[in-house]
$ cat input_22.tsv   # TSV, C-alpha atoms
chain	number	residue	atom	x	y	z
A	1	MET	CA	123.37	54.15	-98.06
A	2	ASN	CA	121.00	55.87	-100.47
A	3	SER	CA	118.06	54.69	-98.38
A	4	LEU	CA	119.68	56.15	-95.25
A	5	VAL	CA	120.25	59.51	-96.96
A	6	SER	CA	116.67	59.45	-98.20
A	7	HIS	CA	115.49	58.77	-94.65
A	8	LEU	CA	117.49	61.69	-93.28
A	9	ARG	CA	116.07	64.00	-95.92
A	10	GLY	CA	112.57	62.89	-94.99
A	11	LEU	CA	112.92	63.75	-91.31
A	12	PRO	CA	110.32	66.14	-89.89
A	13	ALA	CA	111.32	69.79	-89.52
A	14	VAL	CA	111.93	69.97	-85.75
A	15	THR	CA	113.89	66.71	-85.80
A	16	LYS	CA	116.10	68.08	-88.56
A	17	ILE	CA	116.75	71.26	-86.57
A	18	THR	CA	117.53	69.50	-83.28
A	19	THR	CA	119.77	66.95	-85.02
A	20	ALA	CA	121.67	69.71	-86.82
A	21	LEU	CA	122.08	71.72	-83.60
A	22	TYR	CA	123.30	68.64	-81.75
A	23	ALA	CA	125.87	67.85	-84.44
A	24	ALA	CA	127.03	71.47	-84.79
A	25	PHE	CA	127.40	72.21	-81.05
A	26	SER	CA	129.02	68.86	-80.22
A	27	LEU	CA	131.55	69.09	-83.05
A	28	THR	CA	132.27	72.72	-82.16
A	29	ALA	CA	132.97	71.80	-78.54
A	30	LEU	CA	135.17	68.90	-79.64
A	31	GLY	CA	137.07	71.14	-82.07
A	32	LEU	CA	137.62	73.83	-79.42
A	33	ARG	CA	139.07	71.30	-77.00
A	34	LEU	CA	141.30	69.72	-79.64
A	35	ARG	CA	142.66	73.12	-80.62
A	36	GLY	CA	143.20	74.18	-77.01
A	37	ASP	CA	146.71	74.36	-75.58
A	38	GLY	CA	145.80	72.24	-72.58
A	39	THR	CA	145.12	73.46	-69.09
A	40	GLN	CA	147.89	74.28	-66.68
A	41	ALA	CA	145.60	74.37	-63.65
A	42	SER	CA	145.43	71.56	-61.14
A	43	ASP	CA	142.28	72.49	-59.24
A	44	ALA	CA	138.67	72.05	-60.38
A	45	ILE	CA	138.00	75.78	-60.66
A	46	GLY	CA	141.09	76.42	-62.77
A	47	VAL	CA	140.41	73.47	-65.09
A	48	ALA	CA	136.83	74.63	-65.64
A	49	ALA	CA	137.87	78.26	-66.21
A	50	GLU	CA	140.39	77.22	-68.89
A	51	ASP	CA	138.04	74.82	-70.69
A	52	PRO	CA	137.69	76.13	-74.28
A	53	ALA	CA	134.15	74.67	-74.45
A	54	ARG	CA	132.93	76.43	-71.29
A	55	PHE	CA	130.78	78.72	-73.48
A	56	LEU	CA	128.67	75.73	-74.59
A	57	ILE	CA	128.79	73.26	-71.68
A	58	LEU	CA	126.86	73.95	-68.49
A	59	ARG	CA	128.84	73.84	-65.26
A	60	PRO	CA	126.84	74.76	-62.13
A	61	GLY	CA	129.57	77.14	-60.94
A	62	PHE	CA	129.45	79.14	-64.19
A	63	VAL	CA	125.67	79.19	-64.72
A	64	VAL	CA	125.48	82.89	-63.82
A	65	SER	CA	128.41	83.80	-66.10
A	66	TYR	CA	127.14	81.76	-69.06
A	67	PRO	CA	123.35	81.41	-68.59
A	68	TRP	CA	122.76	80.40	-72.23
A	69	THR	CA	124.49	77.07	-71.52
A	70	ILE	CA	121.23	75.98	-69.85
A	71	VAL	CA	119.93	75.63	-73.42
A	72	THR	CA	123.07	74.78	-75.41
A	73	SER	CA	124.40	72.11	-73.04
A	74	ALA	CA	121.74	69.56	-74.02
A	75	PHE	CA	123.10	69.65	-77.59
A	76	VAL	CA	126.74	69.12	-76.60
A	77	GLU	CA	128.09	65.61	-76.06
A	78	PRO	CA	131.85	65.45	-75.31
A	79	ASN	CA	132.02	61.65	-75.55
A	80	PRO	CA	132.37	60.56	-79.23
A	81	VAL	CA	130.58	57.23	-78.71
A	82	PHE	CA	127.65	58.82	-76.89
A	83	PHE	CA	127.59	61.54	-79.54
A	84	LEU	CA	127.06	59.02	-82.35
A	85	LEU	CA	124.42	57.11	-80.38
A	86	GLY	CA	122.63	60.36	-79.57
A	87	LEU	CA	122.69	61.45	-83.21
A	88	ILE	CA	121.07	58.21	-84.36
A	89	THR	CA	118.52	58.29	-81.53
A	90	LEU	CA	117.55	61.88	-82.34
A	91	ALA	CA	117.03	61.07	-86.00
A	92	LEU	CA	115.12	57.80	-85.58
A	93	VAL	CA	113.19	58.08	-82.33
A	94	GLY	CA	112.81	61.86	-82.48
A	95	GLY	CA	111.41	61.63	-86.00
A	96	PHE	CA	108.90	58.97	-84.94
A	97	LEU	CA	107.71	60.98	-81.92
A	98	GLU	CA	107.38	64.18	-83.94
A	99	ARG	CA	105.17	62.42	-86.46
A	100	GLN	CA	102.92	61.24	-83.62
A	101	TRP	CA	102.79	64.45	-81.61
A	102	GLY	CA	103.13	67.06	-84.34
A	103	ALA	CA	105.88	69.66	-84.69
A	104	ARG	CA	104.60	71.97	-81.94
A	105	GLY	CA	103.99	69.19	-79.42
A	106	TYR	CA	107.37	67.58	-80.07
A	107	ALA	CA	109.23	70.91	-79.91
A	108	LEU	CA	107.61	71.71	-76.55
A	109	PHE	CA	108.53	68.25	-75.26
A	110	VAL	CA	112.18	68.69	-76.32
A	111	ALA	CA	112.31	72.14	-74.69
A	112	VAL	CA	110.86	70.89	-71.40
A	113	VAL	CA	112.94	67.70	-71.21
A	114	THR	CA	116.21	69.49	-71.94
A	115	VAL	CA	115.95	72.82	-70.09
A	116	VAL	CA	114.09	71.73	-66.94
A	117	PRO	CA	116.43	68.77	-66.15
A	118	ALA	CA	119.45	71.03	-66.75
A	119	LEU	CA	118.11	73.52	-64.22
A	120	THR	CA	117.20	70.77	-61.75
A	121	ALA	CA	120.60	69.06	-62.06
A	122	THR	CA	122.32	72.42	-61.57
A	123	ALA	CA	120.30	73.06	-58.43
A	124	ALA	CA	121.16	69.56	-57.15
A	125	ALA	CA	124.89	70.16	-57.71
A	126	ILE	CA	124.72	73.54	-55.95
A	127	ALA	CA	122.89	71.89	-53.03
A	128	ALA	CA	125.57	69.18	-52.85
A	129	TYR	CA	128.24	71.89	-52.72
A	130	ALA	CA	126.37	73.72	-49.96
A	131	VAL	CA	126.36	70.54	-47.87
A	132	THR	CA	129.90	69.29	-48.59
A	133	SER	CA	131.79	72.50	-49.54
A	134	ARG	CA	133.50	70.56	-52.34
A	135	PRO	CA	134.16	72.81	-55.38
A	136	ALA	CA	134.13	69.75	-57.67
A	137	PHE	CA	130.32	69.69	-57.52
A	138	LEU	CA	130.23	73.19	-59.03
A	139	TYR	CA	133.12	73.09	-61.50
A	140	ALA	CA	133.94	69.45	-62.33
A	141	THR	CA	130.29	68.51	-62.95
A	142	GLN	CA	129.37	68.89	-66.63
A	143	VAL	CA	125.61	68.98	-67.14
A	144	CYS	CA	125.44	68.26	-70.86
A	145	GLY	CA	124.46	65.71	-73.46
A	146	MET	CA	121.30	63.91	-74.52
A	147	ALA	CA	120.89	61.76	-71.40
A	148	ALA	CA	117.75	63.57	-70.18
A	149	LEU	CA	116.13	63.70	-73.62
A	150	VAL	CA	116.81	60.02	-74.30
A	151	SER	CA	115.15	59.23	-70.96
A	152	GLY	CA	112.21	61.30	-72.17
A	153	PHE	CA	112.18	59.40	-75.47
A	154	ALA	CA	111.99	56.11	-73.57
A	155	VAL	CA	109.02	57.40	-71.55
A	156	GLY	CA	107.33	58.68	-74.70
A	157	LEU	CA	107.76	55.34	-76.48
A	158	LYS	CA	106.33	53.51	-73.49
A	159	GLN	CA	103.28	55.77	-73.63
A	160	LEU	CA	102.71	55.24	-77.35
A	161	ILE	CA	103.81	51.66	-78.13
A	162	PRO	CA	104.21	49.79	-74.80
A	163	ASP	CA	103.45	46.34	-76.19
A	164	TYR	CA	106.01	46.33	-78.99
A	165	SER	CA	108.69	43.66	-78.72
A	166	VAL	CA	112.26	44.72	-79.48
A	167	LYS	CA	114.95	42.26	-80.52
A	168	VAL	CA	118.64	43.13	-80.46
A	169	LEU	CA	121.80	41.16	-81.22
A	170	ARG	CA	119.95	39.07	-83.82
A	171	GLY	CA	117.24	38.11	-81.36
A	172	ALA	CA	119.57	37.10	-78.54
A	173	VAL	CA	118.02	39.78	-76.31
A	174	THR	CA	114.31	40.56	-76.40
A	175	PHE	CA	112.33	43.06	-74.35
A	176	ARG	CA	109.16	45.10	-74.61
A	177	VAL	CA	109.15	48.84	-75.14
A	178	ASN	CA	107.18	48.97	-71.90
A	179	ASP	CA	110.39	47.94	-70.10
A	180	LEU	CA	112.66	50.37	-71.96
A	181	PRO	CA	112.56	53.25	-69.42
A	182	GLY	CA	113.44	50.88	-66.58
A	183	LEU	CA	116.33	49.32	-68.49
A	184	TYR	CA	117.69	52.71	-69.55
A	185	THR	CA	117.51	54.29	-66.10
A	186	LEU	CA	119.12	51.18	-64.58
A	187	VAL	CA	122.00	50.55	-66.99
A	188	VAL	CA	123.02	54.01	-68.22
A	189	PRO	CA	123.57	55.60	-64.77
A	190	ILE	CA	125.92	52.72	-63.95
A	191	VAL	CA	127.89	53.45	-67.13
A	192	TYR	CA	128.04	57.16	-66.29
A	193	SER	CA	129.13	56.36	-62.73
A	194	LEU	CA	131.98	54.19	-64.00
A	195	LEU	CA	133.05	57.10	-66.21
A	196	GLY	CA	132.84	59.53	-63.28
A	197	ASN	CA	130.12	61.56	-65.01
A	198	LEU	CA	127.87	62.90	-62.24
A	199	GLY	CA	126.05	65.19	-64.66
A	200	GLY	CA	124.99	62.22	-66.80
A	201	VAL	CA	123.69	60.29	-63.77
A	202	LEU	CA	121.60	63.30	-62.70
A	203	LEU	CA	120.23	63.95	-66.19
A	204	VAL	CA	119.15	60.34	-66.80
A	205	ASN	CA	117.07	60.16	-63.63
A	206	ILE	CA	115.76	63.72	-63.62
A	207	GLY	CA	114.87	63.48	-67.31
A	208	PHE	CA	112.88	60.30	-66.66
A	209	VAL	CA	110.85	61.84	-63.83
A	210	GLU	CA	110.20	65.17	-65.54
A	211	ALA	CA	109.29	63.57	-68.87
A	212	PHE	CA	106.73	61.41	-67.08
A	213	ILE	CA	105.28	64.42	-65.22
A	214	PHE	CA	104.98	66.40	-68.45
A	215	LEU	CA	103.33	63.58	-70.43
A	216	ARG	CA	101.12	62.49	-67.54
A	217	PHE	CA	99.76	65.89	-66.52
A	218	TYR	CA	100.66	68.73	-68.88
A	219	LYS	CA	101.09	67.72	-72.52
A	220	ARG	CA	98.15	68.89	-74.62
A	221	ASN	CA	96.84	66.23	-76.96
A	222	SER	CA	96.63	67.33	-80.58
A	223	SER	CA	93.15	65.83	-81.02
A	224	SER	CA	91.59	67.45	-77.93
A	225	PRO	CA	92.18	70.18	-75.34
A	226	ILE	CA	92.61	67.57	-72.60
A	227	ARG	CA	96.06	67.70	-71.02
A	228	GLY	CA	98.06	64.64	-70.10
A	229	ASP	CA	97.42	60.91	-70.06
A	230	ARG	CA	95.81	59.64	-66.84
A	231	SER	CA	95.27	56.09	-68.11
A	232	ASP	CA	96.19	53.18	-65.82
A	233	ALA	CA	98.56	51.84	-68.50
A	234	PHE	CA	100.70	54.96	-68.03
A	235	ALA	CA	100.58	55.14	-64.23
A	236	PHE	CA	103.87	55.78	-62.41
A	237	THR	CA	103.82	52.34	-60.81
A	238	THR	CA	103.98	50.68	-64.25
A	239	PHE	CA	107.59	51.85	-64.59
A	240	PHE	CA	108.68	49.64	-61.68
A	241	PRO	CA	108.72	45.90	-60.86
A	242	GLU	CA	105.48	44.62	-59.38
A	243	LEU	CA	107.25	43.78	-56.11
A	244	VAL	CA	107.72	47.46	-55.25
A	245	HIS	CA	104.34	48.69	-56.54
A	246	PRO	CA	102.85	49.21	-53.04
A	247	LEU	CA	105.79	51.38	-51.93
A	248	VAL	CA	105.90	53.36	-55.18
A	249	ARG	CA	102.12	53.85	-55.07
A	250	ARG	CA	102.24	55.29	-51.55
A	251	LEU	CA	105.06	57.68	-52.42
A	252	SER	CA	103.51	58.80	-55.71
A	253	ASP	CA	100.10	59.26	-54.09
A	254	ALA	CA	101.62	61.47	-51.40
A	255	VAL	CA	103.46	63.63	-53.96
A	256	TYR	CA	100.35	63.79	-56.15
A	257	ALA	CA	98.20	64.93	-53.21
A	258	VAL	CA	100.64	67.74	-52.41
A	259	ALA	CA	100.77	68.78	-56.08
A	260	VAL	CA	96.97	68.92	-56.27
A	261	LYS	CA	96.77	70.93	-53.03
A	262	CYS	CA	99.34	73.39	-54.41
A	263	ARG	CA	97.35	73.57	-57.69
A	264	LEU	CA	100.31	72.34	-59.71
A	265	VAL	CA	98.23	69.63	-61.41
A	266	ALA	CA	94.52	69.07	-61.91
A	267	SER	CA	92.76	66.76	-59.48
A	268	ASP	CA	91.18	63.53	-60.68
A	269	GLN	CA	87.76	65.17	-60.37
A	270	GLY	CA	88.81	68.19	-62.43
A	271	TYR	CA	90.40	66.00	-65.07
A	272	GLN	CA	87.29	63.81	-65.22
A	273	GLN	CA	85.05	66.83	-65.65
A	274	ALA	CA	87.17	68.04	-68.56
A	275	VAL	CA	87.08	64.58	-70.16
A	276	SER	CA	83.31	64.34	-69.67
A	277	LEU	CA	82.75	67.74	-71.31
A	278	GLU	CA	85.00	66.81	-74.21
A	279	SER	CA	83.33	63.43	-74.74
A	280	GLY	CA	79.76	64.59	-74.23
A	281	GLY	CA	79.52	63.24	-70.70
A	282	SER	CA	80.12	59.60	-71.63
A	283	PHE	CA	82.83	58.97	-69.03
A	284	VAL	CA	82.08	57.80	-65.51
A	285	HIS	CA	84.36	58.79	-62.64
A	286	VAL	CA	85.51	55.71	-60.75
A	287	VAL	CA	88.24	55.94	-58.13
A	288	SER	CA	90.13	52.72	-57.61
A	289	PRO	CA	90.91	52.09	-53.93
A	290	GLU	CA	94.20	50.50	-54.93
A	291	SER	CA	95.49	53.33	-57.10
A	292	PRO	CA	94.03	56.68	-56.06
A	293	GLY	CA	97.01	58.60	-57.32
A	294	ASN	CA	97.13	56.92	-60.71
A	295	GLY	CA	94.41	59.05	-62.22
A	296	GLY	CA	91.24	57.56	-60.74
A	297	LEU	CA	89.71	57.34	-64.18
A	298	GLU	CA	87.84	54.49	-65.78
A	299	SER	CA	87.01	54.61	-69.44
A	300	PRO	CA	83.64	53.68	-70.93
A	301	PRO	CA	83.27	50.47	-72.93
A	302	GLY	CA	85.50	50.56	-75.98
A	303	GLU	CA	88.75	52.30	-76.65
A	304	SER	CA	89.80	55.31	-74.59
A	305	ASP	CA	91.50	58.27	-76.25
A	306	ALA	CA	94.87	57.08	-74.94
A	307	ASP	CA	94.25	53.57	-76.32
A	308	ARG	CA	93.41	55.02	-79.72
A	309	ARG	CA	96.62	57.04	-79.74
A	310	ARG	CA	98.63	53.93	-78.87
A	311	ALA	CA	96.93	51.94	-81.63
A	312	LEU	CA	97.64	54.67	-84.18
A	313	ALA	CA	101.28	54.94	-83.07
A	314	SER	CA	101.74	51.15	-83.33
A	315	LYS	CA	100.21	51.14	-86.80
A	316	ALA	CA	102.41	54.05	-87.90
A	317	LEU	CA	105.54	52.28	-86.64
A	318	GLU	CA	104.52	49.04	-88.35
A	319	MET	CA	104.00	50.84	-91.66
A	320	ARG	CA	107.31	52.69	-91.33
A	321	LEU	CA	109.29	49.55	-90.50
A	322	GLY	CA	107.62	47.74	-93.39
A	323	SER	CA	108.34	50.50	-95.91
A	324	GLU	CA	111.95	51.18	-94.90
A	325	PRO	CA	113.71	47.89	-94.17
A	326	ALA	CA	117.03	49.17	-95.46
A	327	VAL	CA	117.05	52.10	-93.08
A	328	ALA	CA	116.12	49.89	-90.14
A	329	ALA	CA	118.92	47.50	-91.01
A	330	ALA	CA	121.44	50.32	-91.38
A	331	ALA	CA	120.59	51.65	-87.96
A	332	SER	CA	120.55	48.28	-86.20
A	333	PRO	CA	123.71	48.53	-84.03
A	334	PRO	CA	122.50	51.31	-81.69
A	335	GLN	CA	118.78	50.74	-82.32
A	336	PRO	CA	116.56	47.66	-82.10
A	337	GLU	CA	117.23	45.36	-85.03
A	338	THR	CA	113.60	44.44	-85.53
A	339	ALA	CA	110.35	45.35	-83.90
A	340	GLU	CA	107.08	43.55	-84.17
A	341	SER	CA	103.83	43.88	-82.37
A	342	LYS	CA	102.97	41.21	-79.87

$ encode --input "input_22.tsv" --output "structure tokens"
Amino acid sequence: MNSLVSHLRGLPAVTKITTALYAAFSLTALGLRLRGDGTQASDAIGVAAEDPARFLILRPGFVVSYPWTIVTSAFVEPNPVFFLLGLITLALVGGFLERQWGARGYALFVAVVTVVPALTATAAAIAAYAVTSRPAFLYATQVCGMAALVSGFAVGLKQLIPDYSVKVLRGAVTFRVNDLPGLYTLVVPIVYSLLGNLGGVLLVNIGFVEAFIFLRFYKRNSSSPIRGDRSDAFAFTTFFPELVHPLVRRLSDAVYAVAVKCRLVASDQGYQQAVSLESGGSFVHVVSPESPGNGGLESPPGESDADRRRALASKALEMRLGSEPAVAAAASPPQPETAESK
């Protein structure tokens, strides 16, 4: 217990703030609902309008009335079990990512992967209402919780430590971190669907896509002005089974070409020029005919910048697991019991 308290005290600044906000907003929403008299309405609009937590939880139909819920909703989890899991994930995984990316980089990542999915999910619910004219899409849909950010965490871990093996249930189940985003986006939406939580389903999938886009094309690396990670190990196809790689590659290449034409992302040539200037011209631009939309970049002999970042992240995780076995054991139910490099 003392080791766990010591670990919590040693969390980086942004992780402490986000964890405290998540706990405060979630418990406030829970307390408001417990103290409420109960709704007398029978329709979706009436139920939403009488919800005591409507000032914190984003509902697409009330986004104009309570615009601040676009920000606060990510830190409100009405489900007690998901709340506890999210709290542990924020403290452990968030702390690890902040140490790798720095406070500013991690804070920007959290802002992007909470606000942008909330806006996108709200737009999707409004579009569904426009097509079906069902008020439930606007007022029964609660866009809240850590689902989008946890998707982003899974993508971030895949980028940094893809080859780590994770063992859960005392080794009964083993998988690589590289497979974590696929497992999360497959299993969790099913759970949310069984619970009738459309907002959670939207956030899981939108958070995954938008976290990948941010890390692939926009995130500034702390060690250089180069944005994103165009390495083949972090290509979009690597998130899917090999059987569907050709289909995913065609779709991603088409979207990438449109994004480049609209100047939303840098082209492979522009990215390569920036890398060459940063590295003194030591990179050679090679476009692979099989993966033109995956970055079209081949590194020189030796480690690329992305490979070095992955090696440093793996070493940092190894050292942390080795120095804090008690904390790792205390957090084993919702988190991997052990992790060791392959």

$ closest_residue --input "input_22.tsv" --among "A:Leu180, A:Ala53, A:Ile70, A:Ile206" --to "A:Leu34" --atoms "all atoms listed in the file"
A:Ala53

$ residues_around --input "input_22.tsv" --residues "stretch 198-202 of chain A" --least-positions-apart "6" --cutoff "7 Å" --atoms "all atoms listed in the file" --output "number ranges by chain"
A: 121, 141-144, 147, 189, 192

$ residues_around --input "input_22.tsv" --residues "A:Thr18" --least-positions-apart "2" --cutoff "10 Å" --atoms "only C-alpha atoms" --output "mmCIF file with C-alpha atoms, in the coordinates of the input"
data_model
loop_
_atom_site.group_PDB
_atom_site.id
_atom_site.type_symbol
_atom_site.label_atom_id
_atom_site.label_comp_id
_atom_site.auth_asym_id
_atom_site.auth_seq_id
_atom_site.Cartn_x
_atom_site.Cartn_y
_atom_site.Cartn_z
ATOM 1 C CA ALA A 13 111.320 69.790 -89.520
ATOM 2 C CA VAL A 14 111.930 69.970 -85.750
ATOM 3 C CA THR A 15 113.890 66.710 -85.800
ATOM 4 C CA LYS A 16 116.100 68.080 -88.560
ATOM 5 C CA ALA A 20 121.670 69.710 -86.820
ATOM 6 C CA LEU A 21 122.080 71.720 -83.600
ATOM 7 C CA TYR A 22 123.300 68.640 -81.750
ATOM 8 C CA ALA A 23 125.870 67.850 -84.440
ATOM 9 C CA ALA A 24 127.030 71.470 -84.790
ATOM 10 C CA PHE A 75 123.100 69.650 -77.590
ATOM 11 C CA LEU A 87 122.690 61.450 -83.210
ATOM 12 C CA LEU A 90 117.550 61.880 -82.340
ATOM 13 C CA ALA A 91 117.030 61.070 -86.000
ATOM 14 C CA GLY A 94 112.810 61.860 -82.480
ATOM 15 C CA ALA A 107 109.230 70.910 -79.910
ATOM 16 C CA VAL A 110 112.180 68.690 -76.320
#

$ closest_residue --input "input_22.tsv" --among "A:Phe96, A:Tyr66, A:Phe25, A:Tyr129" --to "A:Phe83" --atoms "all atoms listed in the file"
A:Phe25

$ closest_residue --input "input_22.tsv" --among "A:Asp253, A:Glu210, A:Glu77, A:Asp268" --to "A:Leu27" --atoms "all atoms listed in the file"
A:Glu77

$ atom_distance --input "input_22.tsv" --atom1 "atom CA of A:Val255" --atom2 "atom CA of A:Val209"
12.5 Å

$ closest_residue --input "input_22.tsv" --among "A:Val116, A:Ala235, A:Val47, A:Ala127" --to "A:Val248" --atoms "only C-alpha atoms"
A:Ala235
